[in-house]
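**Q** Contents of coords-v3.cif (mmCIF, C-alpha atoms and all ligand atoms) are given next:
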data_work
loop_
_atom_site.label_atom_id
_atom_site.label_comp_id
_atom_site.auth_asym_id
_atom_site.auth_seq_id
_atom_site.Cartn_x
_atom_site.Cartn_y
_atom_site.Cartn_z
CA MET A 253 43.96 13.18 -50.65
CA THR A 254 47.57 12.75 -49.63
CA ASP A 255 49.15 9.32 -49.32
CA VAL A 256 50.43 9.96 -45.81
CA LYS A 257 47.94 11.08 -43.21
CA ALA A 258 48.98 13.31 -40.34
CA PRO A 259 48.97 11.43 -37.02
CA ALA A 260 45.40 11.56 -35.68
CA PRO A 261 44.91 13.72 -32.61
CA GLU A 262 42.47 12.62 -29.93
CA ALA A 263 39.10 14.37 -29.96
CA ARG A 264 38.96 17.66 -28.12
CA SER A 265 36.14 16.37 -25.91
CA THR A 266 38.13 13.54 -24.34
CA GLY A 267 41.66 14.89 -24.81
CA THR A 268 43.81 15.06 -21.68
CA VAL A 269 43.96 18.35 -19.82
CA LEU A 270 46.74 17.90 -17.29
CA GLY A 271 50.40 16.91 -17.43
CA PRO A 272 52.36 14.83 -19.92
CA GLU A 273 51.78 11.31 -21.25
CA PHE A 274 52.43 8.73 -18.52
CA ALA A 275 54.03 5.35 -19.00
CA THR A 276 54.08 3.69 -15.56
CA GLY A 277 52.66 4.21 -12.08
CA SER A 278 53.19 3.16 -8.48
CA GLY A 279 51.21 4.27 -5.43
CA PRO A 280 50.69 8.05 -5.69
CA TRP A 281 53.30 8.36 -8.45
CA LEU A 282 52.94 8.47 -12.21
CA TYR A 283 56.07 8.31 -14.36
CA THR A 284 56.81 9.44 -17.88
CA GLU A 285 58.77 7.17 -20.23
CA ASP A 286 62.07 8.80 -19.13
CA GLY A 287 61.31 8.01 -15.45
CA THR A 288 60.28 11.51 -14.34
CA ALA A 289 57.94 11.22 -11.34
CA TRP A 290 54.71 13.19 -10.92
CA PHE A 291 52.55 13.13 -7.79
CA ASP A 292 48.96 12.21 -8.63
CA GLY A 293 46.82 14.40 -6.40
CA THR A 294 43.79 13.39 -8.48
CA SER A 295 44.05 9.60 -7.95
CA GLY A 296 43.18 9.15 -11.62
CA SER A 297 39.78 10.87 -11.34
CA GLY A 298 39.39 9.56 -7.80
CA ALA A 299 39.58 5.88 -8.72
CA ALA A 300 43.07 4.86 -7.60
CA THR A 301 42.27 5.18 -3.90
CA LEU A 302 44.65 2.33 -3.04
CA GLY A 303 47.29 3.88 -5.29
CA HIS A 304 48.34 3.10 -8.84
CA GLN A 305 49.30 -0.52 -9.57
CA HIS A 306 48.28 -1.76 -6.13
CA PRO A 307 49.99 -5.18 -6.06
CA ALA A 308 46.99 -7.19 -4.82
CA VAL A 309 44.73 -5.65 -7.45
CA THR A 310 47.08 -5.93 -10.42
CA ALA A 311 47.98 -9.52 -9.43
CA ALA A 312 44.30 -10.49 -9.33
CA ALA A 313 43.68 -8.85 -12.72
CA ALA A 314 46.79 -10.46 -14.23
CA ARG A 315 45.68 -13.88 -12.99
CA GLN A 316 42.27 -13.32 -14.52
CA LEU A 317 43.83 -12.17 -17.82
CA GLY A 318 45.55 -15.53 -18.05
CA ARG A 319 42.33 -17.46 -17.35
CA LEU A 320 39.35 -15.75 -18.97
CA THR A 321 39.14 -12.19 -20.25
CA HIS A 322 35.61 -11.86 -21.49
CA THR A 323 32.26 -13.60 -21.30
CA GLY A 324 29.81 -10.89 -22.39
CA CYS A 325 27.20 -9.71 -19.97
CA LYS A 326 24.88 -12.69 -20.43
CA LEU A 327 27.37 -15.39 -19.47
CA GLY A 328 28.71 -15.70 -15.96
CA SER A 329 32.23 -16.02 -14.57
CA ASP A 330 33.58 -17.04 -11.19
CA ALA A 331 35.30 -13.63 -10.95
CA ARG A 332 31.96 -11.89 -11.34
CA THR A 333 30.34 -14.08 -8.71
CA ARG A 334 33.24 -13.34 -6.32
CA MET A 335 32.85 -9.58 -6.78
CA VAL A 336 29.06 -9.66 -6.39
CA ARG A 337 29.29 -11.74 -3.21
CA ALA A 338 32.11 -9.70 -1.71
CA LEU A 339 30.25 -6.44 -2.31
CA GLY A 340 26.94 -7.84 -1.07
CA ARG A 341 28.65 -9.12 2.10
CA ILE A 342 29.95 -5.72 3.19
CA SER A 343 26.97 -3.72 1.90
CA PRO A 344 24.46 -2.15 4.31
CA TYR A 345 21.69 -4.47 3.06
CA ASP A 346 20.25 -7.61 4.71
CA ASP A 347 19.48 -9.59 1.56
CA PRO A 348 21.50 -7.70 -1.05
CA ALA A 349 21.58 -7.92 -4.82
CA VAL A 350 24.32 -6.31 -6.90
CA LEU A 351 23.89 -4.99 -10.43
CA PRO A 352 27.36 -4.61 -12.00
CA THR A 353 28.02 -1.96 -14.65
CA THR A 354 31.09 -0.70 -16.45
CA THR A 355 30.92 3.00 -15.57
CA GLY A 356 29.48 5.13 -12.82
CA ALA A 357 27.09 6.90 -15.17
CA GLU A 358 25.73 3.53 -16.19
CA ALA A 359 25.12 2.70 -12.53
CA VAL A 360 23.16 5.97 -12.21
CA GLU A 361 21.08 5.08 -15.28
CA SER A 362 20.42 1.65 -13.80
CA ALA A 363 19.32 3.11 -10.46
CA LEU A 364 16.84 5.40 -12.21
CA LYS A 365 15.33 2.44 -14.04
CA ILE A 366 15.11 0.41 -10.83
CA ALA A 367 13.43 3.31 -9.02
CA ARG A 368 10.89 3.68 -11.82
CA ALA A 369 10.25 -0.07 -11.83
CA VAL A 370 9.72 -0.11 -8.04
CA THR A 371 7.51 2.96 -7.79
CA GLY A 372 5.80 3.19 -11.17
CA HIS A 373 6.70 6.89 -11.03
CA ARG A 374 9.01 8.83 -13.33
CA ALA A 375 10.13 12.12 -11.83
CA VAL A 376 13.40 12.46 -9.93
CA VAL A 377 14.66 15.01 -7.40
CA ALA A 378 18.36 15.91 -7.58
CA PHE A 379 20.41 18.63 -5.90
CA ARG A 380 22.30 21.80 -6.63
CA HIS A 381 26.04 21.13 -7.07
CA GLY A 382 25.50 17.42 -7.71
CA TYR A 383 27.52 15.45 -10.25
CA HIS A 384 26.27 12.10 -11.51
CA GLY A 385 27.94 11.55 -14.88
CA LYS A 386 27.45 12.52 -18.50
CA THR A 387 25.16 9.97 -20.15
CA ALA A 388 21.66 11.33 -20.83
CA GLY A 389 19.83 10.21 -17.68
CA ALA A 390 22.76 10.86 -15.35
CA LEU A 391 23.47 14.20 -17.00
CA ALA A 392 19.89 15.29 -16.38
CA LEU A 393 20.68 14.96 -12.65
CA THR A 394 24.09 16.65 -12.91
CA TRP A 395 24.00 20.30 -11.86
CA ARG A 396 26.64 22.03 -14.04
CA ALA A 397 24.89 23.58 -17.05
CA SER A 398 27.94 23.66 -19.34
CA PHE A 399 27.98 19.86 -19.52
CA LYS A 400 24.44 19.84 -20.87
CA ALA A 401 24.69 22.11 -23.90
CA TYR A 402 24.69 19.26 -26.41
CA SER A 403 22.39 16.89 -24.55
CA GLY A 404 18.92 15.87 -25.71
CA PRO A 405 15.76 16.06 -23.64
CA ALA A 406 16.00 14.37 -20.26
CA THR A 407 14.32 10.99 -19.92
CA GLY A 408 11.73 11.73 -17.25
CA SER A 409 11.44 14.93 -15.31
CA VAL A 410 14.11 16.18 -12.95
CA VAL A 411 13.44 18.73 -10.23
CA ARG A 412 16.39 20.28 -8.45
CA ALA A 413 16.47 21.28 -4.78
CA ASP A 414 19.09 23.57 -3.24
CA LEU A 415 21.22 22.02 -0.53
CA PRO A 416 22.65 24.49 1.97
CA ASP A 417 26.22 25.41 1.10
CA PRO A 418 28.42 23.97 3.88
CA ARG A 419 30.98 26.74 3.22
CA ARG A 420 28.47 29.35 4.33
CA PRO A 421 26.33 27.78 7.06
CA GLY A 422 23.32 29.75 8.27
CA PRO A 423 21.19 29.33 11.42
CA ASP A 424 18.04 28.41 9.46
CA ASP A 425 19.70 26.06 6.95
CA ALA A 426 17.99 22.90 8.16
CA ARG A 427 14.52 24.44 8.27
CA ASP A 428 14.88 26.22 4.92
CA PHE A 429 16.23 23.08 3.31
CA ALA A 430 13.37 20.91 4.61
CA ALA A 431 10.91 23.36 3.06
CA ALA A 432 12.82 23.54 -0.26
CA LEU A 433 12.99 19.77 -0.52
CA SER A 434 9.31 19.44 0.26
CA ALA A 435 8.50 21.97 -2.49
CA ALA A 436 10.72 20.08 -4.95
CA LEU A 437 8.92 16.84 -4.09
CA ASP A 438 5.54 18.56 -4.55
CA GLU A 439 6.67 19.63 -8.00
CA ALA A 440 7.97 16.16 -8.84
CA ASP A 441 4.73 14.59 -7.62
CA LEU A 442 2.82 16.83 -10.04
CA LEU A 443 5.02 15.53 -12.84
CA GLY A 444 3.63 12.04 -12.45
CA GLY A 445 5.06 11.05 -9.07
CA THR A 446 8.56 10.86 -7.62
CA ALA A 447 10.53 7.73 -8.39
CA ALA A 448 13.76 8.70 -6.63
CA VAL A 449 15.71 11.30 -4.76
CA VAL A 450 19.34 11.04 -5.88
CA LEU A 451 22.08 12.49 -3.72
CA GLU A 452 25.87 12.62 -3.55
CA PRO A 453 26.53 12.53 0.23
CA VAL A 454 29.71 14.53 -0.38
CA GLN A 455 29.55 16.56 -3.60
CA VAL A 456 33.09 15.86 -4.62
CA THR A 457 33.28 17.06 -8.22
CA GLU A 458 31.85 20.45 -7.27
CA GLY A 459 34.39 20.95 -4.52
CA VAL A 460 34.08 18.43 -1.64
CA LEU A 461 30.84 19.85 -0.23
CA ALA A 462 29.66 17.47 2.50
CA VAL A 463 25.96 17.09 3.28
CA ALA A 464 25.36 17.33 7.04
CA PRO A 465 24.26 14.02 8.65
CA ALA A 466 21.00 15.56 9.91
CA LEU A 467 20.13 16.57 6.34
CA LEU A 468 20.84 13.07 5.05
CA ASP A 469 18.14 11.71 7.37
CA GLU A 470 15.78 14.55 6.47
CA ILE A 471 16.19 13.71 2.78
CA ALA A 472 15.63 10.00 3.44
CA ARG A 473 12.51 10.68 5.54
CA GLN A 474 10.97 13.01 2.98
CA ALA A 475 11.74 10.64 0.08
CA HIS A 476 10.24 7.69 1.91
CA ARG A 477 7.17 9.64 2.99
CA ARG A 478 6.43 10.24 -0.71
CA GLY A 479 7.04 6.59 -1.61
CA ALA A 480 10.23 7.50 -3.52
CA LEU A 481 13.55 5.65 -3.29
CA LEU A 482 16.57 7.35 -1.78
CA VAL A 483 19.53 6.69 -4.06
CA LEU A 484 22.92 7.54 -2.57
CA ASP A 485 25.46 8.10 -5.31
CA GLU A 486 28.59 6.92 -3.51
CA ILE A 487 30.56 6.47 -6.71
CA TYR A 488 33.18 8.90 -5.42
CA THR A 489 32.68 8.59 -1.66
CA GLY A 490 32.06 4.88 -1.15
CA LEU A 491 34.29 2.05 0.12
CA GLY A 492 36.39 4.22 2.40
CA ARG A 493 37.39 7.24 0.30
CA ALA A 494 35.24 9.60 2.39
CA GLY A 495 36.30 7.98 5.68
CA ARG A 496 33.45 5.49 5.94
CA MET A 497 32.65 2.33 4.05
CA PHE A 498 29.09 3.50 3.28
CA THR A 499 27.28 6.70 4.24
CA ALA A 500 24.40 4.49 5.42
CA GLU A 501 26.52 3.87 8.55
CA THR A 502 26.00 7.48 9.58
CA MET A 503 22.23 7.51 9.01
CA THR A 504 19.23 6.34 10.96
CA GLU A 505 17.20 5.81 7.75
CA ARG A 506 18.58 3.49 5.09
CA PRO A 507 19.18 4.51 1.47
CA ASP A 508 17.29 2.17 -0.87
CA LEU A 509 20.06 1.98 -3.44
CA THR A 510 23.78 2.67 -3.11
CA LEU A 511 25.91 3.36 -6.18
CA LEU A 512 29.59 2.50 -6.23
CA GLY A 513 32.37 2.97 -8.78
CA LYS A 514 35.84 4.54 -8.83
CA THR A 515 37.47 2.91 -5.74
CA LEU A 516 35.57 -0.32 -6.52
CA GLY A 517 37.95 -1.08 -9.40
CA ASN A 518 40.94 0.99 -8.19
CA GLY A 519 41.43 1.91 -11.85
CA PHE A 520 39.61 -0.94 -13.59
CA PRO A 521 36.32 0.06 -15.22
CA VAL A 522 33.63 -1.32 -12.93
CA ALA A 523 30.74 0.19 -10.99
CA ALA A 524 27.65 -1.21 -9.32
CA VAL A 525 24.20 -0.65 -7.88
CA VAL A 526 23.56 -2.36 -4.53
CA GLY A 527 20.28 -2.64 -2.65
CA GLU A 528 17.90 -5.11 -1.10
CA ARG A 529 17.23 -7.88 -3.58
CA HIS A 530 13.48 -7.25 -3.75
CA VAL A 531 14.22 -3.64 -4.75
CA VAL A 532 16.99 -4.28 -7.30
CA ASP A 533 15.06 -7.17 -8.82
CA ALA A 534 12.02 -5.01 -9.55
CA LEU A 535 13.86 -4.45 -12.84
CA PRO A 536 13.08 -7.31 -15.24
CA ALA A 537 15.86 -9.41 -16.78
CA GLY A 538 17.72 -7.84 -19.69
CA VAL A 539 16.46 -4.28 -19.26
CA GLN A 540 19.84 -3.01 -18.04
CA THR A 541 22.88 -4.74 -19.52
CA SER A 542 25.82 -3.76 -21.66
CA THR A 543 28.43 -5.90 -23.39
CA PHE A 544 31.10 -5.40 -20.75
CA SER A 545 29.02 -5.29 -17.56
CA GLY A 546 30.39 -7.88 -15.12
CA HIS A 547 33.65 -8.03 -17.10
CA PRO A 548 35.79 -10.82 -15.59
CA VAL A 549 39.05 -8.85 -15.37
CA SER A 550 37.40 -5.81 -13.81
CA CYS A 551 35.46 -8.04 -11.42
CA ALA A 552 38.60 -9.95 -10.40
CA ALA A 553 40.27 -6.60 -9.70
CA ALA A 554 37.21 -5.37 -7.78
CA ALA A 555 37.07 -8.52 -5.63
CA ALA A 556 40.72 -7.91 -4.71
CA VAL A 557 39.96 -4.24 -4.00
CA LEU A 558 37.12 -5.20 -1.65
CA ASP A 559 39.35 -7.66 0.25
CA THR A 560 42.07 -5.01 0.52
CA VAL A 561 39.71 -2.24 1.60
CA VAL A 562 38.45 -4.43 4.44
CA ALA A 563 41.87 -5.84 5.42
CA LEU A 564 43.50 -2.40 5.59
CA ASP A 565 40.48 -0.66 7.12
CA LEU A 566 40.58 1.89 4.33
CA PRO A 567 37.93 4.13 5.96
CA ALA A 568 40.19 4.59 9.01
CA ARG A 569 43.23 5.22 6.78
CA SER A 570 41.26 7.87 4.88
CA ARG A 571 40.10 9.53 8.09
CA ALA A 572 43.67 9.71 9.37
CA LEU A 573 44.88 11.25 6.10
CA GLY A 574 41.99 13.72 6.10
CA ALA A 575 42.73 14.82 9.67
CA ARG A 576 46.37 15.45 8.75
CA LEU A 577 45.45 17.28 5.55
CA GLY A 578 42.89 19.41 7.40
CA THR A 579 45.46 20.53 9.98
CA ASP A 580 48.18 21.26 7.43
CA LEU A 581 45.86 23.06 5.00
CA ALA A 582 44.54 25.19 7.87
CA GLY A 583 48.19 26.05 8.58
CA LEU A 584 48.62 27.15 4.94
CA ALA A 585 45.45 29.24 5.21
CA ASP A 586 46.95 31.03 8.25
CA THR A 587 49.88 32.22 6.18
CA HIS A 588 48.00 32.77 2.89
CA PRO A 589 44.82 34.66 3.81
CA TRP A 590 43.28 34.23 0.35
CA ILE A 591 42.82 30.53 1.16
CA SER A 592 39.32 30.05 2.50
CA ALA A 593 36.91 27.30 3.54
CA VAL A 594 39.41 24.46 4.01
CA ARG A 595 37.42 21.25 4.14
CA THR A 596 38.08 17.53 4.24
CA ALA A 597 35.97 14.38 4.13
CA GLY A 598 38.24 11.38 4.66
CA ALA A 599 40.83 11.33 1.89
CA LEU A 600 39.15 14.22 0.08
CA ALA A 601 40.22 17.82 0.64
CA ALA A 602 39.58 21.20 -0.91
CA PHE A 603 39.91 24.90 -0.34
CA ASP A 604 38.60 27.99 -2.08
CA CYS A 605 40.51 31.00 -3.33
CA VAL A 606 39.00 34.38 -2.46
CA ARG A 607 39.77 38.02 -3.06
CA ASP A 608 37.98 40.74 -1.09
CA GLY A 609 35.60 38.07 0.15
CA LEU A 610 34.66 36.98 -3.39
CA PRO A 611 35.62 33.80 -5.27
CA ASP A 612 38.89 34.19 -7.17
CA PRO A 613 39.03 31.66 -10.04
CA ALA A 614 42.23 33.20 -11.42
CA ARG A 615 44.08 32.53 -8.16
CA ALA A 616 42.82 28.92 -8.20
CA ARG A 617 44.19 28.58 -11.74
CA ALA A 618 47.48 30.03 -10.53
CA VAL A 619 47.70 27.42 -7.75
CA LEU A 620 46.97 24.60 -10.19
CA ARG A 621 49.51 25.95 -12.68
CA ALA A 622 52.21 26.31 -9.99
CA ALA A 623 51.45 22.81 -8.72
CA LEU A 624 51.85 21.49 -12.24
CA ASP A 625 55.21 23.27 -12.51
CA GLY A 626 56.21 21.25 -9.43
CA ARG A 627 54.88 18.05 -11.06
CA LEU A 628 51.94 17.86 -8.67
CA LEU A 629 48.68 16.97 -10.45
CA LEU A 630 45.57 18.59 -8.95
CA PHE A 631 42.08 19.34 -10.20
CA GLY A 632 40.22 22.59 -9.74
CA GLY A 633 36.47 23.18 -9.92
CA GLY A 634 33.85 24.12 -7.39
CA PRO A 635 30.62 26.01 -8.01
CA GLU A 636 32.53 29.26 -8.67
CA ASP A 637 35.53 27.55 -10.35
CA ALA A 638 37.65 28.94 -7.51
CA THR A 639 38.29 25.64 -5.69
CA VAL A 640 41.46 23.56 -5.49
CA LYS A 641 40.79 19.88 -4.81
CA ILE A 642 43.26 17.47 -3.25
CA VAL A 643 42.36 13.83 -3.86
CA PRO A 644 45.48 11.71 -3.34
CA PRO A 645 45.52 7.95 -2.92
CA ALA A 646 44.54 7.23 0.69
CA LEU A 647 47.55 5.02 1.45
CA LEU A 648 50.34 7.59 1.61
CA ASP A 649 53.53 6.91 3.51
CA ASP A 650 55.17 9.76 5.41
CA GLU A 651 57.58 10.63 2.63
CA ALA A 652 54.82 10.81 0.01
CA TYR A 653 52.63 12.86 2.33
CA ARG A 654 55.45 15.34 2.95
CA HIS A 655 56.06 15.57 -0.79
CA LEU A 656 52.38 16.40 -1.33
CA MET A 657 52.32 19.06 1.39
CA ASN A 658 55.62 20.60 0.28
CA GLY A 659 54.28 20.73 -3.27
CA LEU A 660 51.08 22.38 -2.10
CA ALA A 661 52.97 24.89 0.06
CA ALA A 662 55.23 25.78 -2.88
CA ALA A 663 52.23 26.15 -5.20
CA VAL A 664 50.28 28.47 -2.90
CA THR A 665 53.43 30.51 -2.22
CA ALA A 666 53.97 30.91 -5.97
CA ALA A 667 50.31 31.89 -6.31
CA ASP A 668 50.77 34.66 -3.72
CA SER A 669 52.32 36.73 -6.46
CA TRP A 670 50.55 35.48 -9.58
CA SER A 671 49.71 37.86 -12.35
CA GLU A 672 47.12 37.61 -15.14
CA GLU A 673 49.94 37.50 -17.73
CA SER A 674 51.52 34.42 -16.15
CA LEU A 675 48.34 32.32 -16.59
C1 LIG B 1 29.32 11.04 -7.73
C2 LIG B 1 29.57 10.57 -9.13
N1 LIG B 1 28.58 9.93 -9.78
C3 LIG B 1 28.75 9.48 -11.03
C4 LIG B 1 29.93 9.66 -11.71
C5 LIG B 1 30.08 9.15 -13.10
O1 LIG B 1 30.96 8.07 -13.12
P1 LIG B 1 31.72 7.70 -14.47
O2 LIG B 1 32.64 8.82 -14.78
O3 LIG B 1 32.46 6.41 -14.11
O4 LIG B 1 30.67 7.48 -15.50
C6 LIG B 1 30.98 10.33 -11.07
C7 LIG B 1 32.24 10.59 -11.78
O5 LIG B 1 33.05 11.42 -11.42
C8 LIG B 1 30.80 10.81 -9.75
O6 LIG B 1 31.75 11.47 -9.10
#
Translate the structure of the given file into C-alpha cells.
**A**
Amino acid sequence: MTDVKAPAPEARSTGTVLGPEFATGSGPWLYTEDGTAWFDGTSGSGAATLGHQHPAVTAAAARQLGRLTHTGCKLGSDARTRMVRALGRISPYDDPAVLPTTTGAEAVESALKIARAVTGHRAVVAFRHGYHGKTAGALALTWRASFKAYSGPATGSVVRADLPDPRRPGPDDARDFAAALSAALDEADLLGGTAAVVLEPVQVTEGVLAVAPALLDEIARQAHRRGALLVLDEIYTGLGRAGRMFTAETMTERPDLTLLGKTLGNGFPVAAVVGERHVVDALPAGVQTSTFSGHPVSCAAAAAVLDTVVALDLPARSRALGARLGTDLAGLADTHPWISAVRTAGALAAFDCVRDGLPDPARARAVLRAALDGRLLLFGGGPEDATVKIVPPALLDDEAYRHLMNGLAAAVTAADSWSEESL
C-alpha cells in the first residue's frame, strides 16, 4: 500500500469515447475549459434536442433547485404534478396516466410490467435492429448481441421478428413482414401468451431506420388481435425529434403505451410511460418505483421542455431541419459515391459507407475521425457498423447549420483518401 493513490480513472464500461472533457455548453456547442468550441452532432446522446443549456429549461431547473430538490418517489411535488399534467395533456390518450421514471431503460421495464399486468401474459415480441436500453428486461429486447454478453437470463421470453430493412426495400416486404410477425406471435403465444409487442418507430441507435407507416398499423393490428399491447418506444423519436410529436399521429390504430425520455428532459434525467389510465393503472401501487423517479428538478425541467416544444412547434422545426439535411447530404453523396442510403426522419439523419456495394466500416470510422479532427462530434453505428449518424439539436440557426454541413463536407472529403494506417 502506498500513501498516495493514483488518481482513479473512470470504469472502462462508462468511460467517454468521444472528444475532450467539456466545461460549458450553449445550443449545439460544447466548450472546453479554455473556450474551444465543438459542435455536438450527437445532442448528448439525443437528449439535448432544444440545444444545450436551453434558457427556459435551465431557468426552470434553477428555480426548482432553490425551492425543493428531492422528495423521494413516494412523496409528491408540484413540479412533478406539472410535468405529469403537461405530458398527459399533449399525449395521444383520452384519459391519460403518466408513470415517471429516471431513465429510458426504466421506462421500458415499467412498460413490460404494465403489459404483463394487463394481459396476464409474459412473452414479448421485439424487432431486429431495435434498441431499448441496457437493464435486464430492456436489454432482452435490444437487438445487438455484443451488449448482452454479461447479462443474465431474460425475465420472460422474447421473440424477435425481422423488420424489412428500409435501405433495401423489396416488392414483397409488407407481405413477408406480416407473415414473419404472425409467426413470431405464434411462437410467443406458445411461450405462455404475448404480453406486448415493443417497437422503436424509427430505429435510431442502429442507424435511423424508419418503420413504414403501413407496417406500424400492421404491427398494431396483429398485436391487438392477439390481445397484446403495442408499446411504442419513442424515447428517441418522441416530442418532435422525429418530426412529429407522437408516432400515434401517423397511425390509424393507437399504441397502448408510449415511452418517452431523452428530449423530455433536454438533458435532465427523466423518462416516462404514458397510456390510458385504465391500462397504466393495471400495475398495482409500489411495483415500479425508484428513489429518484419523479425527481422535482428533472420534472421542473421537463415541464419547461414540454411548454417549449409546443410553443416552438418542435416537430415542424425538426421536419424543416431534416428536409435541409436530406438535400445537402444527397448533394454530398453525388460527389462522394461511397456515401449510400442517405436517410432522415425529422432532426435525425444518417448515411452508410459502402465499397463495391458492401458495407465499409473502416470508411465510416474515417469519417468520424475526420469529423473529430474538425471538432465535430458524431456517432457511428448501424447494423453493419458502417453508418454515420447526424443528430444535432433541432433548433439550429443558419450559421450553426452551415458550420455542421461544412464540417461534414470536410470530413467526407478527408475520408475520400483514408488509409488503414491513419485510423
Ligand atoms: C429507443 C430507446 N429506448 C430506450 C433507450 C434507453 O434509454 P436510457 O439510455 O435513458 O436508459 C434508448 C437510449 O438510447 C433508446 O434510444
**Q** Identify which of the residues A:Ala523, A:Ile342, A:Leu437, A:Ala500 lies closest to ligand LIG 1 (chain B), counting only C-alpha atoms and all ligand atoms when measuring atom-to-atom distances.
**A**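 That would be A:Ala523, the residue with the smallest distance to ligand LIG 1 (chain B).
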**Q** Which residues of chain A come within 6 Å of ligand LIG 1 (chain B), and what is each one's closest atom pair and distance in Å (one decimal), counting all atoms listed in the file, sorted by chain and residue number, as a tab-separated table?
**A**
residue	atom	partner	partner_atom	distance
A:Thr355	CA	B:LIG1	O3	4.0
A:Gly356	CA	B:LIG1	O1	3.3
A:Ala357	CA	B:LIG1	O4	3.6
A:Tyr383	CA	B:LIG1	C1	5.4
A:His384	CA	B:LIG1	N1	3.6
A:Gly385	CA	B:LIG1	C5	3.7
A:Glu452	CA	B:LIG1	C1	5.6
A:Thr457	CA	B:LIG1	O6	5.9
A:Asp485	CA	B:LIG1	C1	5.4
A:Glu486	CA	B:LIG1	C1	5.9
A:Ile487	CA	B:LIG1	C1	4.8
A:Tyr488	CA	B:LIG1	O6	4.7
**Q** Next, dump the selected residues to file, keeping only C-alpha atoms, as a PDB file, in the coordinates of the input.
**A**
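Once everything was written out, this is again-v4.pdb:
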ATOM      1  CA  THR A 355      30.920   3.000 -15.570  1.00  0.00           C
ATOM      2  CA  GLY A 356      29.480   5.130 -12.820  1.00  0.00           C
ATOM      3  CA  ALA A 357      27.090   6.900 -15.170  1.00  0.00           C
ATOM      4  CA  TYR A 383      27.520  15.450 -10.250  1.00  0.00           C
ATOM      5  CA  HIS A 384      26.270  12.100 -11.510  1.00  0.00           C
ATOM      6  CA  GLY A 385      27.940  11.550 -14.880  1.00  0.00           C
ATOM      7  CA  GLU A 452      25.870  12.620  -3.550  1.00  0.00           C
ATOM      8  CA  THR A 457      33.280  17.060  -8.220  1.00  0.00           C
ATOM      9  CA  ASP A 485      25.460   8.100  -5.310  1.00  0.00           C
ATOM     10  CA  GLU A 486      28.590   6.920  -3.510  1.00  0.00           C
ATOM     11  CA  ILE A 487      30.560   6.470  -6.710  1.00  0.00           C
ATOM     12  CA  TYR A 488      33.180   8.900  -5.420  1.00  0.00           C
TER      13      TYR A 488
END
**Q** Calculated over only C-alpha atoms, which of the candidates A:Gly633, A:Pro465, A:Gly328, A:Gly293 has the smallest distance to A:His381?
**A**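 Using only C-alpha atoms, the shortest distance to A:His381 belongs to A:Gly633.
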**Q** Point out the residue among A:Ser409, A:Ser265, A:Ser550, A:Thr665 with the least atom-to-atom distance to A:Leu317, counting only C-alpha atoms.
**A**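 Comparing A:Ser409, A:Ser265, A:Ser550, A:Thr665 against A:Leu317, the winner is A:Ser550.
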**Q** Got a sec to check which residues sit within 12 Å of (32.1, 20.0, 6.1), counting all atoms listed in the file, and write them as a PDB file with C-alpha atoms, in the frame of the given file?
**A**
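Writing the result to selection.pdb gives the following:
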ATOM      1  CA  PRO A 416      22.650  24.490   1.970  1.00  0.00           C
ATOM      2  CA  ASP A 417      26.220  25.410   1.100  1.00  0.00           C
ATOM      3  CA  PRO A 418      28.420  23.970   3.880  1.00  0.00           C
ATOM      4  CA  ARG A 419      30.980  26.740   3.220  1.00  0.00           C
ATOM      5  CA  ARG A 420      28.470  29.350   4.330  1.00  0.00           C
ATOM      6  CA  PRO A 421      26.330  27.780   7.060  1.00  0.00           C
ATOM      7  CA  PRO A 453      26.530  12.530   0.230  1.00  0.00           C
ATOM      8  CA  VAL A 454      29.710  14.530  -0.380  1.00  0.00           C
ATOM      9  CA  GLN A 455      29.550  16.560  -3.600  1.00  0.00           C
ATOM     10  CA  VAL A 456      33.090  15.860  -4.620  1.00  0.00           C
ATOM     11  CA  GLY A 459      34.390  20.950  -4.520  1.00  0.00           C
ATOM     12  CA  VAL A 460      34.080  18.430  -1.640  1.00  0.00           C
ATOM     13  CA  LEU A 461      30.840  19.850  -0.230  1.00  0.00           C
ATOM     14  CA  ALA A 462      29.660  17.470   2.500  1.00  0.00           C
ATOM     15  CA  VAL A 463      25.960  17.090   3.280  1.00  0.00           C
ATOM     16  CA  ALA A 464      25.360  17.330   7.040  1.00  0.00           C
ATOM     17  CA  PRO A 465      24.260  14.020   8.650  1.00  0.00           C
ATOM     18  CA  ALA A 494      35.240   9.600   2.390  1.00  0.00           C
ATOM     19  CA  GLY A 574      41.990  13.720   6.100  1.00  0.00           C
ATOM     20  CA  GLY A 578      42.890  19.410   7.400  1.00  0.00           C
ATOM     21  CA  ALA A 593      36.910  27.300   3.540  1.00  0.00           C
ATOM     22  CA  VAL A 594      39.410  24.460   4.010  1.00  0.00           C
ATOM     23  CA  ARG A 595      37.420  21.250   4.140  1.00  0.00           C
ATOM     24  CA  THR A 596      38.080  17.530   4.240  1.00  0.00           C
ATOM     25  CA  ALA A 597      35.970  14.380   4.130  1.00  0.00           C
ATOM     26  CA  GLY A 598      38.240  11.380   4.660  1.00  0.00           C
ATOM     27  CA  LEU A 600      39.150  14.220   0.080  1.00  0.00           C
ATOM     28  CA  ALA A 601      40.220  17.820   0.640  1.00  0.00           C
ATOM     29  CA  ALA A 602      39.580  21.200  -0.910  1.00  0.00           C
ATOM     30  CA  PHE A 603      39.910  24.900  -0.340  1.00  0.00           C
TER      31      PHE A 603
END
**Q** Please measure the separation of atom CA of A:Asp668 and atom CA of A:Arg654, giving the value in Å to one decimal.
**A** 21.0 Å
**Q** Between A:Ala585, A:Val377, A:Leu442, A:Ala537, which residue has the minimum interatomic distance to A:Ala475, considering only C-alpha atoms?
**A** A:Val377
**Q** So the first atom is atom CA of A:Thr310 and the second is atom CA of A:Gly340; what is the distance between them in Å, to one decimal place?
**A**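 Atom-to-atom, atom CA of A:Thr310 to atom CA of A:Gly340, that is 22.3 Å.
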**Q** Would you pick out the contacts of A:Ala363 at 10 Å or less, using only C-alpha atoms, so that residues sharing its chain but fewer than 4 positions from it are not included, and give the list as a list in words?
**A**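 Neighbouring residues, sequence-local ones excluded: Leu351, Ala357, Glu358, Ala359, Ala367, Arg368, Ala369, Ala390, Ala448, Val450, Leu481, Val483, Leu484, Asp485, Asp508, Leu509, Thr510, Leu511, Ala524, Val525, Val526, Gly527, Val532, Leu535 and Gln540 of chain A.
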**Q** Tell me, as number ranges by chain, which residues lie within 12 Å of A:Gly583, counting only C-alpha atoms; anything in the same chain fewer than 2 positions away does not count.
**A** A: 576-581, 585-589, 591-592, 594, 657, 660-661, 664
